[in-house]
Structure formats: C-alpha cells, structure tokens
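Okay, structure first, notes after.
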Amino acid sequence: MNQQQYRALTGWARQNPARQQVMTGLCRLLPYSLFFFYAAASLCLIAHFARTGTMNLLLFSFWTVPAAGLILVSLIRKALNLPRPSELFDFDPLLSHENGCSCPSRHTASSFLIACALFWLTYLGLFPLPLSILALCCAVLTAISRVVAGVHFPRDVLAGMLFGILFSAVGYGAVFGLFSMLLPLG
C-alpha cells in the first residue's frame, strides 16, 4: 500500500474535527467494551462455578486461551517490528502511538480472542448468543477503527483478526479434544 492509497483510505476521518473526535472515541471505547463483555462472561463463569462447584478444563480455557494468545501475539509483533503508517508516510495519526510493532494489531487480535472466548462460553451454554454476536461486531469495528485512525495498515488488522480466530480455534479445539479423551467412556 502506498501513501496515496493509505491517505485515501483514512482521509475522510480527517476532513473535519467532529469525525476525528468520533474516530478517536471509537478507538478508545471499543477495546473497553470488549473487556466489559469479557468481565461479564467471567462473572457468568464464576456464578456457574459457585452454583455447581464445577470448574474443569473446558471452562478454565475461557481464560487461558486468550491469555496465551495475547502473550504470543505480543512476541510475534515484537519479533517482526514492522513500521506503522505514520512512520512510513509522515503524518500524525489520530491516536498517538509508539513506533514499530505494527503487525499484527494487538488490539484487533485481543478483540477477536475475546469474541471467540465468548462464543466458546456460548457453545458451552453459559453466555447468551446475542452478546457474543455483539462482541464480534465490536471486534470488527475495533479493527476498522485502528486503520482509519492511522495506527495500522489493513494487513496489520487482518493479521490480528486471523491470529485471534485461528489461535482460538486451535486452542479451544485442543482443549475440547483433550477433555474428550479424559472423559470416561460410557
């Protein structure tokens, strides 16, 4: 992506102060909304534990899979250390951000890790489907807002999205497979 293409993609948000404020607000608010969903789902899981006294690998993975994914995506982006759009194209993004470590987008990856964790609890019957769908919408909007705000390239958020989804699928799939093997037959 060259400078002209990137400016065309993000320019509409810079055309007036109101749009800039909306985009800045979205970039800041959307990640918090996902953490709110995650906290709410954690409370549902804790309530389930208090009610049943049951906490197994399937349930505990709600916390461990996203945590492991966040650690891994942080290590990957540190190793890649790709430049941000403002470093290559000499402009000020709507949000101030440190240089480097642009890909994959950690905000996007963590948003999709959380959305997938919520779908995992929905699959287990412990979290309402409409809230999981709403969280997925927030994750998509987080990815879009990071590009429009000028802190990531589209490839960065796409990589973060794919990382979050694939890591979750592998993580929860492995947990489900392991749990299934440990269950007594019959």
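Going by the structure tokens order, chains are called A, B, ..., each with residues numbered from 1, while ligands are numbered from 1 in the order shown.
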Which residues of stretch 118-173 of chain A have any atom within 10 Å of an atom in stretch 51-58 of chain A when counting only C-alpha atoms, and what is the closest pair of atoms for each, with the distance in Å to one decimal? Order the rows by chain and rising number and write it as JSON lines.
```
{"residue": "A:Trp120", "atom": "CA", "partner": "A:Leu58", "partner_atom": "CA", "distance": 9.1}
{"residue": "A:Leu121", "atom": "CA", "partner": "A:Leu58", "partner_atom": "CA", "distance": 9.2}
{"residue": "A:Leu124", "atom": "CA", "partner": "A:Leu58", "partner_atom": "CA", "distance": 8.4}
{"residue": "A:Tyr172", "atom": "CA", "partner": "A:Leu58", "partner_atom": "CA", "distance": 8.0}
```
Q) Which polymer residues have any atom within 9 Å of an atom of stretch 134-139 of chain A, counting only C-alpha atoms, with same-chain residues fewer than 4 positions away left out, as a PyMOL selection string? A) chain A and resi 30-31+33-34+37+107-112+114-116+118-119+129-130+143-144+161
Q.
Please compute the atom CA of A:Gly177-atom CA of A:Ala117 distance, one decimal, in Å.
A.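 Spanning atom CA of A:Gly177 to atom CA of A:Ala117 is a straight-line distance of 16.6 Å.
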Q | Polymer residues at most 12 Å from A:Gly25, only C-alpha atoms, same-chain spacing of 6 or more positions, as a list in words | A | Ala18, Arg19, Pro31, Tyr32, Ser33, Leu94, Leu95, Thr142, Ser145, Arg146 and Ala149 of chain A
Q: Find the residues around A:Phe167 up to 10 Å (only C-alpha atoms counted), leave out those fewer than 4 positions away in its own chain, and share them as an MDAnalysis selection string.
A: chainID A and resid 65:66 68:70 72:73 109 112:113 116 161:163 171:173
For the residues in that selection, give me all heavy atoms as a compact mmCIF listing (two decimals), in the first residue's frame.
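As written to disk, part_14.txt reads:
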```txt
# COMPACT_ATOMS: atom_id res chain seq x y z
N VAL A 65 -6.85 -19.60 27.09
CA VAL A 65 -6.61 -19.47 25.64
C VAL A 65 -6.38 -18.01 25.25
O VAL A 65 -5.38 -17.70 24.58
CB VAL A 65 -7.74 -20.14 24.83
CG1 VAL A 65 -7.64 -19.79 23.34
CG2 VAL A 65 -7.71 -21.66 25.01
N PRO A 66 -7.24 -17.06 25.65
CA PRO A 66 -6.95 -15.66 25.30
C PRO A 66 -5.65 -15.13 25.91
O PRO A 66 -4.92 -14.37 25.28
CB PRO A 66 -8.16 -14.89 25.84
CG PRO A 66 -9.25 -15.89 25.93
CD PRO A 66 -8.57 -17.18 26.26
N ALA A 68 -2.90 -16.85 26.62
CA ALA A 68 -1.78 -17.39 25.84
C ALA A 68 -1.69 -16.71 24.48
O ALA A 68 -0.60 -16.40 23.98
CB ALA A 68 -1.95 -18.90 25.67
N GLY A 69 -2.85 -16.44 23.87
CA GLY A 69 -2.86 -15.76 22.57
C GLY A 69 -2.31 -14.35 22.67
O GLY A 69 -1.56 -13.91 21.79
N LEU A 70 -2.66 -13.63 23.72
CA LEU A 70 -2.15 -12.27 23.90
C LEU A 70 -0.64 -12.27 24.08
O LEU A 70 0.06 -11.42 23.50
CB LEU A 70 -2.84 -11.61 25.09
CG LEU A 70 -2.48 -10.15 25.35
CD1 LEU A 70 -2.81 -9.28 24.14
CD2 LEU A 70 -3.20 -9.64 26.57
N LEU A 72 1.47 -14.59 22.94
CA LEU A 72 2.08 -14.98 21.67
C LEU A 72 2.03 -13.86 20.64
O LEU A 72 3.02 -13.58 19.95
CB LEU A 72 1.43 -16.25 21.12
CG LEU A 72 2.04 -16.80 19.83
CD1 LEU A 72 3.52 -17.11 20.02
CD2 LEU A 72 1.29 -18.04 19.38
N VAL A 73 0.89 -13.17 20.51
CA VAL A 73 0.80 -12.09 19.53
C VAL A 73 1.76 -10.95 19.89
O VAL A 73 2.35 -10.32 19.02
CB VAL A 73 -0.65 -11.59 19.34
CG1 VAL A 73 -1.10 -10.66 20.44
CG2 VAL A 73 -0.80 -10.90 17.98
N ALA A 109 -6.19 -8.40 17.55
CA ALA A 109 -6.01 -9.80 17.96
C ALA A 109 -6.72 -10.06 19.29
O ALA A 109 -7.46 -11.05 19.42
CB ALA A 109 -4.53 -10.15 18.06
N PHE A 112 -10.53 -10.17 18.91
CA PHE A 112 -11.04 -11.42 18.34
C PHE A 112 -10.81 -12.60 19.28
O PHE A 112 -11.62 -13.53 19.32
CB PHE A 112 -10.46 -11.66 16.95
CG PHE A 112 -11.21 -10.90 15.89
CD1 PHE A 112 -10.83 -9.62 15.54
CD2 PHE A 112 -12.31 -11.45 15.27
CE1 PHE A 112 -11.53 -8.89 14.59
CE2 PHE A 112 -13.03 -10.75 14.31
CZ PHE A 112 -12.64 -9.46 13.98
N LEU A 113 -9.74 -12.57 20.05
CA LEU A 113 -9.55 -13.61 21.08
C LEU A 113 -10.69 -13.57 22.09
O LEU A 113 -11.22 -14.61 22.49
CB LEU A 113 -8.20 -13.43 21.79
CG LEU A 113 -6.95 -13.80 21.00
CD1 LEU A 113 -5.71 -13.22 21.66
CD2 LEU A 113 -6.84 -15.32 20.87
N CYS A 116 -14.01 -14.73 20.43
CA CYS A 116 -14.02 -16.19 20.31
C CYS A 116 -14.21 -16.86 21.67
O CYS A 116 -14.90 -17.89 21.77
CB CYS A 116 -12.73 -16.68 19.64
SG CYS A 116 -12.62 -16.27 17.88
N MET A 161 -6.79 -10.18 13.23
CA MET A 161 -8.07 -10.89 13.18
C MET A 161 -7.85 -12.38 12.93
O MET A 161 -8.39 -13.22 13.65
CB MET A 161 -8.95 -10.30 12.07
CG MET A 161 -10.29 -11.00 11.93
SD MET A 161 -11.24 -10.42 10.52
CE MET A 161 -10.30 -11.13 9.17
N LEU A 162 -7.05 -12.70 11.92
CA LEU A 162 -6.78 -14.11 11.61
C LEU A 162 -6.08 -14.80 12.77
O LEU A 162 -6.39 -15.95 13.11
CB LEU A 162 -5.96 -14.22 10.33
CG LEU A 162 -6.69 -13.86 9.05
CD1 LEU A 162 -5.74 -13.86 7.86
CD2 LEU A 162 -7.86 -14.80 8.81
N PHE A 163 -5.14 -14.11 13.39
CA PHE A 163 -4.45 -14.69 14.54
C PHE A 163 -5.45 -15.02 15.65
O PHE A 163 -5.45 -16.13 16.20
CB PHE A 163 -3.37 -13.74 15.09
CG PHE A 163 -2.71 -14.29 16.32
CD1 PHE A 163 -1.62 -15.12 16.22
CD2 PHE A 163 -3.21 -14.00 17.58
CE1 PHE A 163 -1.02 -15.67 17.35
CE2 PHE A 163 -2.63 -14.52 18.73
CZ PHE A 163 -1.53 -15.36 18.60
N GLY A 171 -6.74 -23.50 19.97
CA GLY A 171 -6.72 -23.61 21.43
C GLY A 171 -7.94 -24.32 21.98
O GLY A 171 -7.83 -25.29 22.75
N TYR A 172 -9.13 -23.85 21.59
CA TYR A 172 -10.34 -24.49 22.10
C TYR A 172 -10.54 -25.87 21.51
O TYR A 172 -11.06 -26.77 22.19
CB TYR A 172 -11.57 -23.60 21.85
CG TYR A 172 -11.52 -22.33 22.65
CD1 TYR A 172 -11.52 -21.09 22.03
CD2 TYR A 172 -11.44 -22.36 24.03
CE1 TYR A 172 -11.47 -19.91 22.76
CE2 TYR A 172 -11.37 -21.18 24.78
CZ TYR A 172 -11.39 -19.97 24.13
OH TYR A 172 -11.31 -18.82 24.87
N GLY A 173 -10.11 -26.07 20.27
CA GLY A 173 -10.18 -27.40 19.68
C GLY A 173 -9.30 -28.38 20.42
O GLY A 173 -9.70 -29.52 20.70
```
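For A:Phe153, the residues within 8 Å (counting only C-alpha atoms, excluding itself and residues fewer than 6 positions away along the chain) are Tyr6, Arg84, Pro85, Ser102 and Val147 of chain A.
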The selected residues should be written to file as an mmCIF file, in the first residue's frame (atoms: C-alpha atoms).
```cif
data_model
loop_
_atom_site.group_PDB
_atom_site.id
_atom_site.type_symbol
_atom_site.label_atom_id
_atom_site.label_comp_id
_atom_site.auth_asym_id
_atom_site.auth_seq_id
_atom_site.Cartn_x
_atom_site.Cartn_y
_atom_site.Cartn_z
ATOM 1 C CA TYR A 6 -3.487 4.927 2.585
ATOM 2 C CA ARG A 84 3.374 1.935 11.456
ATOM 3 C CA PRO A 85 1.759 4.034 8.697
ATOM 4 C CA SER A 102 2.562 -2.653 13.955
ATOM 5 C CA VAL A 147 -6.872 1.575 10.294
#
```
Q.
So, with only C-alpha atoms as the atoms that count, which of A:Ser168, A:Ser105, A:Gln4, A:Ser42 lies closest to A:Leu126?
A.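 With only C-alpha atoms as the atom set, the closest residue is A:Ser42.
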Q.
Could you tell me how far atom CA of A:Glu98 sits from atom CA of A:Ala13, in Å to one decimal place?
A.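 Between atom CA of A:Ala13 and atom CA of A:Glu98 the gap works out to 20.9 Å.
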Q.
Using DSSP secondary structure from the backbone, list all helix (DSSP H, G or I) positions within stretch 51-151 of chain A, as a ChimeraX atom specification.
A. /A:51-52,57-80,85-89,106-123,129-148
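Rounded to one decimal, atom CA of A:Leu82 and atom CA of A:Cys103 lie 6.1 Å from each other.
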